[in-house]
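Colleague: Please find coords_1.cif (mmCIF, C-alpha atoms) on the next line:
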data_input
#
loop_
_atom_site.label_atom_id
_atom_site.label_comp_id
_atom_site.auth_asym_id
_atom_site.auth_seq_id
_atom_site.Cartn_x
_atom_site.Cartn_y
_atom_site.Cartn_z
CA MET A 1 -11.54 44.95 17.23
CA GLU A 2 -8.03 46.05 16.29
CA ARG A 3 -5.34 43.55 15.32
CA THR A 4 -3.18 44.76 18.20
CA GLN A 5 -5.94 43.95 20.68
CA VAL A 6 -6.15 40.39 19.36
CA VAL A 7 -2.36 40.03 19.59
CA GLU A 8 -2.51 41.21 23.20
CA GLY A 9 -5.30 38.76 23.98
CA LEU A 10 -3.36 35.92 22.39
CA ALA A 11 -0.25 36.93 24.34
CA GLU A 12 -2.19 36.61 27.59
CA ILE A 13 -3.42 33.16 26.58
CA LEU A 14 0.06 32.05 25.48
CA GLU A 15 1.54 33.15 28.79
CA GLU A 16 -1.07 31.28 30.78
CA VAL A 17 -1.15 28.10 28.71
CA ALA A 18 2.47 27.74 27.63
CA GLY A 19 4.46 30.18 29.74
CA VAL A 20 5.39 32.33 26.74
CA ASN A 21 6.79 35.78 27.57
CA PRO A 22 4.16 38.26 26.29
CA ASP A 23 6.95 40.51 24.96
CA ASP A 24 7.93 37.76 22.52
CA VAL A 25 4.48 37.58 20.94
CA ALA A 26 4.20 39.34 17.59
CA GLU A 27 2.30 38.72 14.38
CA GLY A 28 5.27 37.33 12.51
CA LYS A 29 6.13 34.74 15.15
CA SER A 30 5.49 31.05 14.49
CA PHE A 31 3.76 29.28 17.37
CA THR A 32 5.87 26.14 17.15
CA GLU A 33 9.19 27.43 15.79
CA ASP A 34 9.56 30.79 17.56
CA LEU A 35 7.37 30.52 20.64
CA ASP A 36 8.01 26.84 21.37
CA VAL A 37 4.31 25.99 21.67
CA ASP A 38 3.88 22.22 21.20
CA SER A 39 0.96 20.62 19.36
CA LEU A 40 -1.07 19.94 22.52
CA SER A 41 -0.47 23.41 23.98
CA MET A 42 -1.61 24.76 20.60
CA VAL A 43 -4.94 22.99 21.16
CA GLU A 44 -5.20 24.66 24.58
CA VAL A 45 -4.41 28.04 23.01
CA VAL A 46 -7.13 27.50 20.41
CA VAL A 47 -9.70 26.45 23.01
CA ALA A 48 -8.88 29.49 25.17
CA ALA A 49 -9.02 31.77 22.11
CA GLU A 50 -12.46 30.42 21.20
CA GLU A 51 -13.74 31.47 24.61
CA LYS A 52 -11.97 34.79 24.76
CA PHE A 53 -12.90 35.96 21.28
CA ASP A 54 -16.21 34.09 20.95
CA VAL A 55 -15.24 32.31 17.74
CA LYS A 56 -15.22 28.70 16.52
CA ILE A 57 -11.90 27.28 15.40
CA PRO A 58 -12.49 23.73 14.11
CA ASP A 59 -9.91 20.92 14.45
CA ASP A 60 -8.91 20.98 10.78
CA GLU A 61 -8.35 24.75 10.87
CA VAL A 62 -5.80 24.54 13.67
CA GLN A 63 -3.01 23.27 11.40
CA ASN A 64 -3.40 26.36 9.17
CA LEU A 65 -2.65 28.69 12.06
CA LYS A 66 1.14 28.71 11.80
CA THR A 67 1.85 32.22 13.04
CA VAL A 68 0.29 34.61 15.51
CA GLY A 69 -0.73 36.70 12.50
CA ASP A 70 -2.60 33.73 10.98
CA ALA A 71 -4.57 33.38 14.20
CA VAL A 72 -5.31 37.11 14.36
CA SER A 73 -6.62 37.11 10.77
CA TYR A 74 -8.76 34.04 11.38
CA ILE A 75 -10.25 35.46 14.58
CA LEU A 76 -11.05 38.84 12.98
CA LYS A 77 -12.52 37.17 9.87
CA SER A 78 -14.73 34.96 12.07
CA ASN A 79 -15.81 37.97 14.14
CA ALA A 80 -16.65 40.11 11.14
CA MET B 81 -47.63 -15.17 30.35
CA SER B 82 -46.09 -13.26 33.17
CA PHE B 83 -42.35 -13.13 33.74
CA THR B 84 -40.84 -13.65 37.14
CA PHE B 85 -37.41 -12.22 37.78
CA PRO B 86 -34.89 -13.23 40.42
CA ALA B 87 -34.78 -11.02 43.50
CA PRO B 88 -32.82 -7.86 42.68
CA ALA B 89 -29.95 -6.64 44.87
CA ALA B 90 -30.02 -3.18 46.46
CA GLY B 91 -26.64 -2.47 44.94
CA SER B 92 -23.22 -3.81 44.20
CA ARG B 93 -19.68 -3.13 45.35
CA ILE B 94 -16.13 -3.75 44.26
CA VAL B 95 -14.91 -6.35 46.75
CA ALA B 96 -11.31 -6.59 45.56
CA LEU B 97 -9.00 -5.93 42.64
CA GLY B 98 -5.96 -7.48 41.03
CA HIS B 99 -3.66 -6.61 38.19
CA TYR B 100 -1.01 -8.07 35.94
CA GLN B 101 1.68 -6.46 33.81
CA PRO B 102 4.23 -8.21 31.62
CA SER B 103 7.78 -8.20 32.98
CA ARG B 104 9.33 -6.66 29.87
CA VAL B 105 9.92 -2.92 30.46
CA VAL B 106 10.34 -0.67 27.43
CA THR B 107 11.86 2.68 28.36
CA ASN B 108 11.68 5.87 26.34
CA ASP B 109 15.41 5.49 25.66
CA GLU B 110 14.79 2.11 24.06
CA LEU B 111 12.08 3.58 21.82
CA ALA B 112 14.55 6.31 20.84
CA THR B 113 16.71 3.60 19.25
CA MET B 114 13.76 2.59 17.03
CA VAL B 115 12.19 5.91 16.02
CA ASP B 116 13.21 9.57 16.06
CA THR B 117 12.14 10.52 19.58
CA ASN B 118 13.66 11.09 23.01
CA ASP B 119 12.91 10.72 26.69
CA ALA B 120 12.34 14.43 27.39
CA TRP B 121 9.93 14.83 24.46
CA ILE B 122 7.82 11.84 25.50
CA ARG B 123 7.70 12.83 29.18
CA ASP B 124 6.72 16.37 28.25
CA ARG B 125 4.00 15.45 25.72
CA VAL B 126 2.34 12.48 27.40
CA GLY B 127 4.01 11.98 30.78
CA ILE B 128 5.17 8.42 30.12
CA ALA B 129 8.55 7.19 31.41
CA GLU B 130 8.18 3.52 30.55
CA ARG B 131 5.61 0.91 29.59
CA ARG B 132 5.28 -2.87 29.77
CA ILE B 133 5.09 -4.93 26.60
CA ALA B 134 3.85 -8.51 26.45
CA GLU B 135 6.30 -10.81 24.71
CA SER B 136 4.57 -14.14 25.12
CA GLU B 137 1.35 -13.33 26.99
CA SER B 138 -1.97 -13.09 25.16
CA VAL B 139 -4.86 -10.85 26.20
CA ALA B 140 -6.52 -13.92 27.75
CA ASP B 141 -3.33 -14.78 29.66
CA MET B 142 -3.05 -11.32 31.20
CA ALA B 143 -6.80 -11.20 31.93
CA THR B 144 -6.55 -14.57 33.66
CA PHE B 145 -3.57 -13.56 35.82
CA ALA B 146 -5.27 -10.32 36.91
CA ALA B 147 -8.57 -12.08 37.62
CA GLU B 148 -6.80 -14.79 39.61
CA LYS B 149 -5.32 -12.12 41.91
CA ALA B 150 -8.61 -10.25 42.25
CA LEU B 151 -10.34 -13.48 43.17
CA ALA B 152 -7.65 -14.35 45.73
CA ASN B 153 -7.90 -10.85 47.24
CA SER B 154 -11.70 -11.09 47.43
CA GLY B 155 -11.85 -14.22 49.55
CA LEU B 156 -14.27 -15.74 47.04
CA THR B 157 -13.54 -18.75 44.87
CA ALA B 158 -14.18 -19.54 41.22
CA ALA B 159 -17.31 -21.41 42.28
CA ASP B 160 -18.85 -18.15 43.53
CA ILE B 161 -18.52 -16.30 40.21
CA ASP B 162 -21.54 -16.38 37.91
CA ALA B 163 -20.66 -13.70 35.34
CA VAL B 164 -17.46 -12.57 33.61
CA PHE B 165 -17.18 -9.32 31.68
CA VAL B 166 -14.00 -8.56 29.76
CA ALA B 167 -13.39 -5.12 28.29
CA THR B 168 -10.88 -5.30 25.46
CA CYS B 169 -10.33 -3.99 21.96
CA SER B 170 -7.11 -5.84 21.24
CA SER B 171 -7.73 -9.56 21.51
CA ALA B 172 -6.34 -11.25 18.41
CA ASP B 173 -8.77 -14.13 18.90
CA ARG B 174 -12.47 -13.47 18.28
CA CYS B 175 -13.86 -16.77 19.46
CA PRO B 176 -13.98 -18.14 22.04
CA ASN B 177 -14.09 -14.75 23.63
CA VAL B 178 -11.62 -13.73 26.34
CA ALA B 179 -14.27 -14.10 29.05
CA ALA B 180 -14.80 -17.76 28.16
CA ARG B 181 -11.07 -18.43 28.06
CA VAL B 182 -10.52 -16.80 31.45
CA SER B 183 -13.45 -18.75 32.90
CA ALA B 184 -12.10 -22.05 31.58
CA ARG B 185 -8.64 -21.34 32.96
CA LEU B 186 -9.92 -20.36 36.40
CA GLY B 187 -12.47 -23.18 36.61
CA ILE B 188 -15.47 -20.86 36.74
CA ALA B 189 -18.39 -23.12 35.93
CA ALA B 190 -21.08 -21.97 33.51
CA PRO B 191 -20.79 -18.18 33.98
CA ALA B 192 -22.37 -15.60 31.74
CA ALA B 193 -19.26 -14.75 29.71
CA MET B 194 -19.01 -11.73 27.48
CA ASP B 195 -16.40 -9.44 25.98
CA LEU B 196 -17.29 -5.85 25.38
CA ASN B 197 -15.47 -3.30 23.31
CA THR B 198 -15.65 0.42 23.90
CA ALA B 199 -11.87 0.81 23.56
CA CYS B 200 -10.25 2.79 26.38
CA SER B 201 -13.50 3.44 28.27
CA GLY B 202 -14.25 -0.29 28.41
CA PHE B 203 -13.69 -1.00 32.09
CA CYS B 204 -16.30 1.54 33.22
CA TYR B 205 -18.79 0.11 30.71
CA GLY B 206 -18.03 -3.38 32.02
CA LEU B 207 -18.41 -2.24 35.61
CA ALA B 208 -21.79 -0.72 34.73
CA ALA B 209 -22.87 -3.93 32.99
CA ALA B 210 -21.92 -5.97 36.07
CA ASP B 211 -23.59 -3.52 38.46
CA HIS B 212 -26.77 -3.55 36.37
CA ALA B 213 -26.80 -7.34 36.13
CA ILE B 214 -26.40 -7.65 39.90
CA ARG B 215 -29.06 -5.06 40.68
CA ALA B 216 -31.40 -6.86 38.25
CA GLY B 217 -30.80 -10.14 40.06
CA ALA B 218 -29.10 -11.73 37.05
CA SER B 219 -25.77 -12.14 38.87
CA ARG B 220 -24.51 -12.23 42.45
CA ASN B 221 -20.74 -12.18 41.99
CA ALA B 222 -19.11 -10.99 38.79
CA LEU B 223 -15.61 -10.52 37.48
CA VAL B 224 -14.97 -7.35 35.51
CA ILE B 225 -11.67 -7.33 33.66
CA GLY B 226 -9.91 -4.81 31.44
CA ALA B 227 -7.14 -6.45 29.41
CA GLU B 228 -5.21 -5.18 26.43
CA LYS B 229 -2.26 -6.09 24.24
CA LEU B 230 -2.01 -2.93 22.19
CA SER B 231 1.55 -3.77 21.19
CA ASP B 232 -0.01 -6.20 18.66
CA MET B 233 -1.66 -3.20 16.99
CA THR B 234 1.12 -0.68 17.33
CA ASP B 235 3.19 0.46 14.37
CA PHE B 236 6.66 0.61 15.89
CA THR B 237 7.85 2.79 13.01
CA ASP B 238 5.26 5.50 13.80
CA ARG B 239 6.77 7.77 16.43
CA SER B 240 3.47 9.55 17.09
CA THR B 241 1.73 6.39 18.36
CA CYS B 242 4.36 3.80 19.34
CA ILE B 243 5.45 5.84 22.36
CA LEU B 244 1.96 5.82 23.84
CA PHE B 245 0.81 2.30 24.49
CA GLY B 246 1.46 -0.52 26.90
CA ASP B 247 0.06 -3.96 27.68
CA GLY B 248 -1.55 -5.22 30.86
CA ALA B 249 -4.71 -6.18 32.69
CA GLY B 250 -6.70 -5.24 35.76
CA ALA B 251 -9.66 -7.04 37.29
CA ALA B 252 -12.33 -6.44 39.89
CA VAL B 253 -14.63 -8.80 41.78
CA VAL B 254 -18.04 -7.15 42.00
CA SER B 255 -20.66 -8.56 44.36
CA ALA B 256 -24.21 -7.85 45.45
CA ALA B 257 -24.41 -5.53 48.44
CA ASP B 258 -27.12 -4.30 50.82
CA GLU B 259 -25.98 -0.77 50.19
CA ALA B 260 -24.86 0.41 46.74
CA ALA B 261 -21.12 1.12 46.60
CA ILE B 262 -21.05 1.59 42.82
CA GLY B 263 -22.86 4.76 41.85
CA PRO B 264 -24.99 5.47 38.78
CA VAL B 265 -23.06 5.31 35.53
CA VAL B 266 -22.89 8.34 33.28
CA TRP B 267 -22.09 7.04 29.81
CA GLY B 268 -22.26 8.27 26.28
CA SER B 269 -20.29 8.98 23.15
CA ALA B 270 -19.53 11.37 20.34
CA PRO B 271 -19.96 8.88 17.48
CA GLU B 272 -19.78 11.51 14.75
CA ARG B 273 -16.15 12.09 15.75
CA GLY B 274 -15.18 8.43 15.88
CA ASP B 275 -12.75 8.66 12.98
CA VAL B 276 -10.15 10.55 15.04
CA LEU B 277 -9.09 7.30 16.73
CA VAL B 278 -9.30 4.05 14.79
CA ILE B 279 -8.06 0.46 14.76
CA GLU B 280 -9.50 -0.72 11.47
CA GLY B 281 -9.43 -3.81 9.32
CA TRP B 282 -7.47 -7.02 9.45
CA ARG B 283 -4.04 -6.92 11.19
CA PRO B 284 -4.63 -3.26 11.96
CA TYR B 285 -2.54 -0.50 13.44
CA ILE B 286 -3.77 2.18 15.79
CA TYR B 287 -4.21 5.56 14.16
CA GLN B 288 -5.21 8.70 15.97
CA ASP B 289 -5.48 12.42 15.37
CA GLY B 290 -3.83 13.31 18.67
CA GLN B 291 -4.80 16.97 18.66
CA ALA B 292 -8.48 16.20 18.02
CA VAL B 293 -8.58 13.54 20.72
CA PHE B 294 -6.78 15.84 23.16
CA ARG B 295 -9.22 18.64 22.45
CA TRP B 296 -12.27 16.43 22.96
CA ALA B 297 -10.86 14.92 26.13
CA THR B 298 -9.86 18.22 27.73
CA THR B 299 -12.99 20.16 26.80
CA ALA B 300 -15.91 17.71 26.68
CA LEU B 301 -15.27 15.31 29.54
CA ALA B 302 -15.10 17.43 32.69
CA GLN B 303 -18.84 18.15 32.52
CA HIS B 304 -19.61 14.42 32.30
CA ALA B 305 -17.26 13.71 35.21
CA ARG B 306 -19.00 16.41 37.24
CA LEU B 307 -22.41 14.95 36.36
CA THR B 308 -21.17 11.52 37.45
CA CYS B 309 -20.43 12.96 40.91
CA GLU B 310 -23.78 14.78 41.03
CA ARG B 311 -25.65 11.57 40.21
CA ALA B 312 -23.73 9.83 42.98
CA GLY B 313 -24.48 12.63 45.43
CA VAL B 314 -20.80 13.36 46.06
CA ALA B 315 -19.12 16.76 45.85
CA THR B 316 -15.92 16.62 43.77
CA LYS B 317 -13.96 18.11 46.67
CA ASP B 318 -14.99 15.12 48.81
CA LEU B 319 -13.53 12.58 46.40
CA ALA B 320 -10.60 10.63 47.85
CA ALA B 321 -9.25 9.70 44.43
CA PHE B 322 -9.74 10.31 40.73
CA VAL B 323 -8.84 7.44 38.45
CA ALA B 324 -9.20 8.59 34.87
CA HIS B 325 -8.27 6.56 31.84
CA GLN B 326 -4.49 6.86 31.67
CA ALA B 327 -4.11 8.32 28.18
CA ASN B 328 -1.90 11.33 28.77
CA THR B 329 -0.96 13.22 31.95
CA ARG B 330 -1.83 16.46 30.22
CA ILE B 331 -5.37 15.21 29.53
CA ILE B 332 -5.70 14.15 33.17
CA ASP B 333 -4.39 17.56 34.30
CA GLY B 334 -6.78 19.28 31.89
CA ILE B 335 -9.79 17.49 33.38
CA VAL B 336 -8.56 18.00 36.95
CA LYS B 337 -8.20 21.74 36.30
CA ARG B 338 -11.92 21.93 35.51
CA LEU B 339 -13.04 20.08 38.64
CA ASP B 340 -12.49 20.83 42.33
CA LEU B 341 -10.48 17.77 43.30
CA SER B 342 -8.43 19.38 46.07
CA ASN B 343 -8.63 16.35 48.37
CA ALA B 344 -8.25 13.62 45.78
CA VAL B 345 -5.31 11.42 44.95
CA ILE B 346 -4.92 11.77 41.18
CA ALA B 347 -3.94 8.43 39.64
CA LYS B 348 -0.89 8.78 37.36
CA ASP B 349 -0.04 5.17 36.68
CA ILE B 350 0.56 6.20 33.06
CA VAL B 351 4.08 7.25 34.04
CA GLU B 352 5.17 3.67 34.49
CA SER B 353 2.55 1.81 32.44
CA GLY B 354 1.77 3.93 29.38
CA ASN B 355 -1.71 3.91 27.92
CA THR B 356 -3.15 0.41 28.43
CA SER B 357 -6.62 1.25 27.10
CA ALA B 358 -9.39 -0.67 28.91
CA ALA B 359 -6.84 -2.03 31.40
CA SER B 360 -5.66 1.37 32.62
CA ILE B 361 -8.37 2.15 35.19
CA PRO B 362 -8.45 -1.23 36.98
CA LEU B 363 -4.63 -1.33 36.86
CA ALA B 364 -4.32 2.10 38.46
CA LEU B 365 -7.09 1.47 40.99
CA SER B 366 -5.66 -1.91 41.93
CA LYS B 367 -2.29 -0.28 42.64
CA LEU B 368 -3.90 2.48 44.74
CA VAL B 369 -5.68 -0.16 46.81
CA GLU B 370 -2.57 -2.31 47.08
CA THR B 371 -0.46 0.59 48.36
CA ARG B 372 -3.32 1.72 50.64
CA ALA B 373 -3.18 5.17 49.06
CA VAL B 374 -6.95 5.49 49.47
CA PRO B 375 -8.90 4.48 52.59
CA SER B 376 -11.38 1.65 52.30
CA GLY B 377 -14.91 2.97 51.79
CA ALA B 378 -13.76 6.37 50.48
CA PRO B 379 -15.41 7.69 47.30
CA VAL B 380 -13.37 7.33 44.11
CA LEU B 381 -14.33 8.71 40.71
CA LEU B 382 -13.58 6.36 37.83
CA PHE B 383 -13.78 7.91 34.39
CA GLY B 384 -12.99 6.15 31.14
CA PHE B 385 -12.86 7.67 27.68
CA GLY B 386 -11.49 6.79 24.27
CA GLY B 387 -12.16 5.36 20.84
CA GLY B 388 -15.67 5.74 19.58
CA LEU B 389 -15.48 8.39 20.93
CA THR B 390 -16.95 6.82 24.05
CA TYR B 391 -16.93 7.67 27.73
CA ALA B 392 -18.29 6.24 30.96
CA GLY B 393 -17.75 6.90 34.61
CA GLN B 394 -19.04 6.13 38.05
CA VAL B 395 -18.24 6.93 41.66
CA VAL B 396 -17.36 3.81 43.62
CA ARG B 397 -16.44 3.17 47.22
CA CYS B 398 -12.84 2.07 47.47
CA PRO B 399 -12.70 -1.63 48.47
#
Show me the file's structure as structure tokens.
Modeller:
Amino acid sequence: MERTQVVEGLAEILEEVAGVNPDDVAEGKSFTEDLDVDSLSMVEVVVAAEEKFDVKIPDDEVQNLKTVGDAVSYILKSNA
Amino acid sequence: MSFTFPAPAAGSRIVALGHYQPSRVVTNDELATMVDTNDAWIRDRVGIAERRIAESESVADMATFAAEKALANSGLTAADIDAVFVATCSSADRCPNVAARVSARLGIAAPAAMDLNTACSGFCYGLAAADHAIRAGASRNALVIGAEKLSDMTDFTDRSTCILFGDGAGAAVVSAADEAAIGPVVWGSAPERGDVLVIEGWRPYIYQDGQAVFRWATTALAQHARLTCERAGVATKDLAAFVAHQANTRIIDGIVKRLDLSNAVIAKDIVESGNTSAASIPLALSKLVETRAVPSGAPVLLFGFGGGLTYAGQVVRCP
């Protein structure tokens, strides 16, 4: 899977879970600072991403996913 | 030797409920003068507008007041009650237990009197214990009480927890019935994850990993709630009300989203009461009954969850 595909998938999730405009989603964006995703919505994003990308993202990993790019890297690494 | 047991009952039912909340209201604005928080943030994250905090009342006081009302609403008297179950995790006194104190205050003579602690899921565990005792013939009329004074265990300098909790009590009179009106309990726990929500040691404070609890509650519980309905033989769309533990409106919404509850009143007492742990379900149910929001006899799903991590639920007929 390409990084851009993962970004697109995350953008869909972010729109559904937290009402984020998909056009705003890019690898350099911080979930909390730039996209205004709060800590509980972040959990919902992670749970939805687990389903969509068939990966496991444990509780203590969530805090390391600061930016969209962090999440993309983690998902691709887990899928490798 | 052969044991002879008393005649079992076909089932049990909630006859009546009662609740008590302290008069002292603590608004989000008041909390904002103590810690760095604000009304909009709290409403958005957990859905709480205000909570009640006990200034002079103990857990036993609040349990007694709630039980007194439930008893009055039931038409029974103290003399009829033969068992008292109190769900609490916040009683400062260990002995005598809250159940004995309530019984003494209400003049209930010689009841089986026990406290049980499964934190926020406690009321549903207590209701199951009462139902089982009645169906085994060990009790005819029981009081099941959820009572908490979490303010004693709240660190009012910790903005992540002090906004969440409130004090209060709710009580139910549960009696033997010819037809079961309390369905089979579905109960269990995730003990390996217990450390995400703790009240540990002497003079403790509540600590929780909010994200981990939120994740467990929104992903693991809907299947147990669905199973609870299956065991009771009720389709979720036929439920008249869903009374979940009032921990966070976003947890309640998360569970609701995974179930078809299109015809159910969704209890949201958290808005005005905060998270009152084991008291939250009987408090919310008592208010629904009091305001006649749910018809008598209609199926209601109760589902408690919390520290442990424990959960328990059952479908009951609304008194």
Colleague: Need the neighbours of (11.4, 6.9, 26.6): which residues are at most 6 Å away, counting only C-alpha atoms, as a list in words?
Modeller: Thr107, Asn108, Asp109, Leu111, Asn118, Asp119 and Ala129 of chain B
Colleague: Residues within 8 Å of region 34-36 of chain A, please, as a ChimeraX atom specification. Count only C-alpha atoms; anything in the same chain fewer than 5 positions from it doesn't count.
Modeller: /A:20,24-25,29
Colleague: Would you list which chain B residues are within 8 Å of chain A using only C-alpha atoms, as a PyMOL selection string?
Modeller: chain B and resi 125+291-292+294-295
Colleague: Based on the selection just made, write C-alpha atoms of those residues as a tab-separated table (two decimals), keeping the file's coordinate frame.
Modeller:
chain	number	residue	atom	x	y	z
B	125	ARG	CA	4.00	15.45	25.72
B	291	GLN	CA	-4.80	16.97	18.66
B	292	ALA	CA	-8.48	16.20	18.02
B	294	PHE	CA	-6.78	15.84	23.16
B	295	ARG	CA	-9.22	18.64	22.45
Colleague: Considering only C-alpha atoms, state which residue in the set B:Ser171, B:Thr157, B:Thr316, B:Thr117 is at the smallest distance from Gly226 (chain B).
Modeller: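 Closest to Gly226 (chain B), using only C-alpha atoms: B:Ser171.
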Colleague: Within 10 Å of region 88-95 of chain B, counting all atoms listed in the file, which residues show up once you throw out same-chain ones fewer than 5 positions away? Write them as a PDB file with C-alpha atoms, in the frame of the given file, please.
Modeller:
ATOM      1  CA  ALA B 150      -8.610 -10.250  42.250  1.00  0.00           C
ATOM      2  CA  LEU B 151     -10.340 -13.480  43.170  1.00  0.00           C
ATOM      3  CA  ASN B 153      -7.900 -10.850  47.240  1.00  0.00           C
ATOM      4  CA  SER B 154     -11.700 -11.090  47.430  1.00  0.00           C
ATOM      5  CA  GLY B 155     -11.850 -14.220  49.550  1.00  0.00           C
ATOM      6  CA  LEU B 156     -14.270 -15.740  47.040  1.00  0.00           C
ATOM      7  CA  LEU B 207     -18.410  -2.240  35.610  1.00  0.00           C
ATOM      8  CA  ALA B 210     -21.920  -5.970  36.070  1.00  0.00           C
ATOM      9  CA  ASP B 211     -23.590  -3.520  38.460  1.00  0.00           C
ATOM     10  CA  HIS B 212     -26.770  -3.550  36.370  1.00  0.00           C
ATOM     11  CA  ALA B 213     -26.800  -7.340  36.130  1.00  0.00           C
ATOM     12  CA  ILE B 214     -26.400  -7.650  39.900  1.00  0.00           C
ATOM     13  CA  ARG B 215     -29.060  -5.060  40.680  1.00  0.00           C
ATOM     14  CA  ALA B 216     -31.400  -6.860  38.250  1.00  0.00           C
ATOM     15  CA  GLY B 217     -30.800 -10.140  40.060  1.00  0.00           C
ATOM     16  CA  ALA B 218     -29.100 -11.730  37.050  1.00  0.00           C
ATOM     17  CA  SER B 219     -25.770 -12.140  38.870  1.00  0.00           C
ATOM     18  CA  ARG B 220     -24.510 -12.230  42.450  1.00  0.00           C
ATOM     19  CA  ASN B 221     -20.740 -12.180  41.990  1.00  0.00           C
ATOM     20  CA  ALA B 222     -19.110 -10.990  38.790  1.00  0.00           C
ATOM     21  CA  LEU B 223     -15.610 -10.520  37.480  1.00  0.00           C
ATOM     22  CA  VAL B 224     -14.970  -7.350  35.510  1.00  0.00           C
ATOM     23  CA  ALA B 252     -12.330  -6.440  39.890  1.00  0.00           C
ATOM     24  CA  VAL B 253     -14.630  -8.800  41.780  1.00  0.00           C
ATOM     25  CA  VAL B 254     -18.040  -7.150  42.000  1.00  0.00           C
ATOM     26  CA  SER B 255     -20.660  -8.560  44.360  1.00  0.00           C
ATOM     27  CA  ALA B 256     -24.210  -7.850  45.450  1.00  0.00           C
ATOM     28  CA  ALA B 257     -24.410  -5.530  48.440  1.00  0.00           C
ATOM     29  CA  ASP B 258     -27.120  -4.300  50.820  1.00  0.00           C
ATOM     30  CA  GLU B 259     -25.980  -0.770  50.190  1.00  0.00           C
ATOM     31  CA  ALA B 260     -24.860   0.410  46.740  1.00  0.00           C
ATOM     32  CA  ALA B 261     -21.120   1.120  46.600  1.00  0.00           C
ATOM     33  CA  ILE B 262     -21.050   1.590  42.820  1.00  0.00           C
ATOM     34  CA  GLY B 263     -22.860   4.760  41.850  1.00  0.00           C
ATOM     35  CA  VAL B 396     -17.360   3.810  43.620  1.00  0.00           C
ATOM     36  CA  ARG B 397     -16.440   3.170  47.220  1.00  0.00           C
ATOM     37  CA  CYS B 398     -12.840   2.070  47.470  1.00  0.00           C
ATOM     38  CA  PRO B 399     -12.700  -1.630  48.470  1.00  0.00           C
TER      39      PRO B 399
END
Colleague: Quick one: residues within 10 Å of Val55 (chain A), only C-alpha atoms, excluding same-chain residues fewer than 4 positions away - as a list in words?
Modeller: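 Surrounding residues, per the criterion: Val46, Val47, Ala49, Glu50, Glu51, Tyr74, Ile75, Leu76, Lys77, Ser78 and Asn79 of chain A.
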